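What follows is a set of notes on a single structure, which appears directly below.
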Amino acid sequence: MQIVLLGPPGAGKGTQAVRLAKAMQLPHISTGDILRQNVKADTQLGQQAKGIMDKGLLVPDALVASMLDERFNNADIKKGFILDGYPRTLAQAGMLDQILMKKNIAVDLVVYLDTADEVIIKRLTGRLVCSKCGANFHITNMPPKEKGICDNCGGSLYQRTDDVETTVRKRLDVYKNEVSSLIEFYTKQNKLHKLAADLDPQIVLGQIIDLSRALK
Ligand code: AMP
């Protein structure tokens with residue numbers, strides 16, 4: 001099953017994607033994670049993307065699409081995937097359909113995680129991310145059992161450089177500019193389901209799993 005998680009930065013896409021991937025035994029594909037790996041490894045793509053990411057802007061569609069196309073060549077997507085952070089523009093949604101069509105598959109379910117701006121600012125400026133497995137924690141709302149250490153895998157936790165308030169607000173603006181066209185695109189395809197993402201993450205996870213089961 002091919003699942004896309006949509007929503008503003010900080011809506012909990014990463015948290016849900018990690019849990020969903022574990023529950024459904026599907027790979028979690030995050031374009032933000034792949035870009036950050038490239039930045040860390042100082043690849044050509046990483047060098048092109050770093051400044052853009054630090055400003056909270058979008059990396060050009062063509063760069064992200066070719067990166068994703070390459071990721072989809074990995075055999076682990078045979079049973080499906082959880083896509084997090086892509087598409088972010090209408091053009092990306094079209095490119096995704098084209099990439100998947102070449103593989104005779106399509107997006108099955110699009111879950112839109114809806115959250116208020118102030119909740120997002122609080123979540124992101126206090127977010128801690130595992131450098132090893134990508135799991136998310138929060139300084140006050142969801143602290144790890146041991147300071148600086150991931151509960152799931154023991155990896156070290158860090159704060160993302162784009163999780164500072166000015167950049168978070170910019171990312172929100174960028175997101176809002178594009179999201180209505182994406183909502184329209186997936187509503188027309190009859191694939192979009194909106195969920196209130198301010199609830200407990202386990203409740204939201206259960207709702208997404210229910211939606212996916214209803215499609216089987
Ligand atoms: P994320 O981890 O999804 O919040 O993404 C972090 C940053 O990576 C974004 O603010 C963008 O600069 C970049 N990025 C991630 N996914 C995309 C995408 N689909 N298109 C363009 N830029 C992206």
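Chain labels A, B, ... are given in the sequence in which chains occur in the structure tokens; within each chain residues are numbered consecutively from 1, and ligands are likewise numbered from 1 in the order shown.
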
Strand (DSSP E or B) call set, DSSP backbone run, segment 60-188 of chain A, as a ChimeraX atom specification: /A:81-84,109-114,127-130,136-138,142,149,156-158

Any chance you can output those residues with N, CA and C atoms as a JSON list (two decimals), in the first residue's frame?
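again.json written:
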```json
[["chain", "number", "residue", "atom", "x", "y", "z"],
["A", 81, "PHE", "N", 4.87, 1.86, 0.64],
["A", 81, "PHE", "CA", 5.72, 2.77, 1.41],
["A", 81, "PHE", "C", 4.87, 3.82, 2.11],
["A", 82, "ILE", "N", 5.52, 4.48, 3.06],
["A", 82, "ILE", "CA", 4.91, 5.63, 3.72],
["A", 82, "ILE", "C", 5.74, 6.84, 3.30],
["A", 83, "LEU", "N", 5.13, 7.73, 2.54],
["A", 83, "LEU", "CA", 5.85, 8.89, 2.03],
["A", 83, "LEU", "C", 5.57, 10.12, 2.90],
["A", 84, "ASP", "N", 6.64, 10.74, 3.36],
["A", 84, "ASP", "CA", 6.54, 11.83, 4.34],
["A", 84, "ASP", "C", 7.34, 13.04, 3.82],
["A", 109, "LEU", "N", -3.63, 6.09, -0.51],
["A", 109, "LEU", "CA", -4.25, 6.83, 0.58],
["A", 109, "LEU", "C", -3.42, 8.08, 0.89],
["A", 110, "VAL", "N", -4.11, 9.20, 1.03],
["A", 110, "VAL", "CA", -3.43, 10.44, 1.41],
["A", 110, "VAL", "C", -4.05, 10.92, 2.72],
["A", 111, "VAL", "N", -3.23, 11.02, 3.74],
["A", 111, "VAL", "CA", -3.74, 11.46, 5.04],
["A", 111, "VAL", "C", -3.23, 12.87, 5.30],
["A", 112, "TYR", "N", -4.17, 13.77, 5.52],
["A", 112, "TYR", "CA", -3.81, 15.16, 5.81],
["A", 112, "TYR", "C", -3.88, 15.38, 7.32],
["A", 113, "LEU", "N", -2.75, 15.71, 7.91],
["A", 113, "LEU", "CA", -2.69, 15.92, 9.36],
["A", 113, "LEU", "C", -2.84, 17.42, 9.64],
["A", 114, "ASP", "N", -3.98, 17.76, 10.20],
["A", 114, "ASP", "CA", -4.35, 19.16, 10.39],
["A", 114, "ASP", "C", -3.97, 19.66, 11.79],
["A", 127, "ARG", "N", 11.51, 20.33, 19.28],
["A", 127, "ARG", "CA", 11.66, 18.98, 18.74],
["A", 127, "ARG", "C", 13.09, 18.46, 18.83],
["A", 128, "LEU", "N", 13.20, 17.17, 19.14],
["A", 128, "LEU", "CA", 14.49, 16.47, 19.14],
["A", 128, "LEU", "C", 14.36, 15.29, 18.18],
["A", 129, "VAL", "N", 15.36, 15.09, 17.35],
["A", 129, "VAL", "CA", 15.29, 14.03, 16.35],
["A", 129, "VAL", "C", 16.43, 13.05, 16.57],
["A", 130, "CYS", "N", 16.14, 11.77, 16.39],
["A", 130, "CYS", "CA", 17.20, 10.76, 16.53],
["A", 130, "CYS", "C", 18.07, 10.74, 15.28],
["A", 136, "ASN", "N", 11.10, 11.01, 16.54],
["A", 136, "ASN", "CA", 11.01, 12.37, 17.08],
["A", 136, "ASN", "C", 10.64, 12.36, 18.55],
["A", 137, "PHE", "N", 11.21, 13.30, 19.29],
["A", 137, "PHE", "CA", 10.86, 13.51, 20.70],
["A", 137, "PHE", "C", 10.63, 15.00, 20.88],
["A", 138, "HIS", "N", 10.24, 15.42, 22.10],
["A", 138, "HIS", "CA", 10.06, 16.84, 22.38],
["A", 138, "HIS", "C", 10.59, 17.14, 23.77],
["A", 142, "MET", "N", 7.27, 15.30, 24.97],
["A", 142, "MET", "CA", 7.58, 13.87, 24.77],
["A", 142, "MET", "C", 9.07, 13.66, 25.00],
["A", 149, "ILE", "N", 19.20, 10.77, 24.43],
["A", 149, "ILE", "CA", 19.31, 9.41, 23.88],
["A", 149, "ILE", "C", 17.94, 8.92, 23.39],
["A", 156, "SER", "N", 21.85, 9.16, 19.20],
["A", 156, "SER", "CA", 21.88, 10.46, 19.88],
["A", 156, "SER", "C", 20.84, 11.40, 19.25],
["A", 157, "LEU", "N", 20.25, 12.27, 20.11],
["A", 157, "LEU", "CA", 19.20, 13.18, 19.66],
["A", 157, "LEU", "C", 19.81, 14.55, 19.35],
["A", 158, "TYR", "N", 19.26, 15.21, 18.35],
["A", 158, "TYR", "CA", 19.74, 16.55, 18.00],
["A", 158, "TYR", "C", 18.57, 17.45, 17.62]]
```

Ligand 1 neighbours within 6 Å using only C-alpha atoms and all ligand atoms, as a ChimeraX atom specification: /A:9,31-33,52-53,56-61,64,85-88,171

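Proximity ranking of A:Ala62, A:Leu35, A:Leu192, A:Ala17 relative to Asp108 of chain A places A:Leu192 first, based on only C-alpha atoms.
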
Nearest-residue call for Gln2 of chain A, choices A:Gly80, A:Pro143, A:Gly126, A:Gly51, using only C-alpha atoms: A:Gly80

Surrounding residues of Tyr175 of chain A excluding itself and chain neighbours under 2 positions, 9 Å, only C-alpha atoms, as a PyMOL selection string: chain A and resi 7-9+88-89+170-173+177-179

Need the shell around Asp200 of chain A: protein/DNA/RNA residues with any atom at most 12 Å away, counting only C-alpha atoms. Skip same-chain ones fewer than 6 positions apart. Format as a PDB file with N, CA and C atoms, in the first residue's frame?
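Result file follows (result.pdb):
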```pdb
ATOM      1  N   ALA A  11       3.251  18.840  11.971  1.00  0.00           N
ATOM      2  CA  ALA A  11       1.932  18.242  12.210  1.00  0.00           C
ATOM      3  C   ALA A  11       2.072  16.840  12.782  1.00  0.00           C
ATOM      4  N   GLY A  12       3.279  16.312  12.730  1.00  0.00           N
ATOM      5  CA  GLY A  12       3.496  14.959  13.254  1.00  0.00           C
ATOM      6  C   GLY A  12       3.667  13.938  12.139  1.00  0.00           C
ATOM      7  N   THR A  15       6.635  11.633  13.052  1.00  0.00           N
ATOM      8  CA  THR A  15       6.273  10.739  14.162  1.00  0.00           C
ATOM      9  C   THR A  15       5.339   9.639  13.653  1.00  0.00           C
ATOM     10  N   GLN A  16       4.309  10.035  12.935  1.00  0.00           N
ATOM     11  CA  GLN A  16       3.345   9.043  12.442  1.00  0.00           C
ATOM     12  C   GLN A  16       3.992   8.101  11.424  1.00  0.00           C
ATOM     13  N   ASN A 141       7.025  17.963  25.820  1.00  0.00           N
ATOM     14  CA  ASN A 141       5.815  17.140  25.595  1.00  0.00           C
ATOM     15  C   ASN A 141       6.096  15.641  25.517  1.00  0.00           C
ATOM     16  N   MET A 142       7.270  15.300  24.969  1.00  0.00           N
ATOM     17  CA  MET A 142       7.576  13.873  24.774  1.00  0.00           C
ATOM     18  C   MET A 142       9.068  13.657  24.999  1.00  0.00           C
ATOM     19  N   GLY A 206      -3.817   5.113  15.210  1.00  0.00           N
ATOM     20  CA  GLY A 206      -4.919   4.146  15.092  1.00  0.00           C
ATOM     21  C   GLY A 206      -5.880   4.555  13.986  1.00  0.00           C
ATOM     22  N   GLN A 207      -6.129   5.858  13.888  1.00  0.00           N
ATOM     23  CA  GLN A 207      -7.054   6.333  12.854  1.00  0.00           C
ATOM     24  C   GLN A 207      -6.472   6.101  11.449  1.00  0.00           C
TER      25      GLN A 207
END
```

Alpha helix (DSSP H) positions in segment 25-164 of chain A, given as a ChimeraX atom specification: /A:31-40,44-54,61-71,90-101,117-125
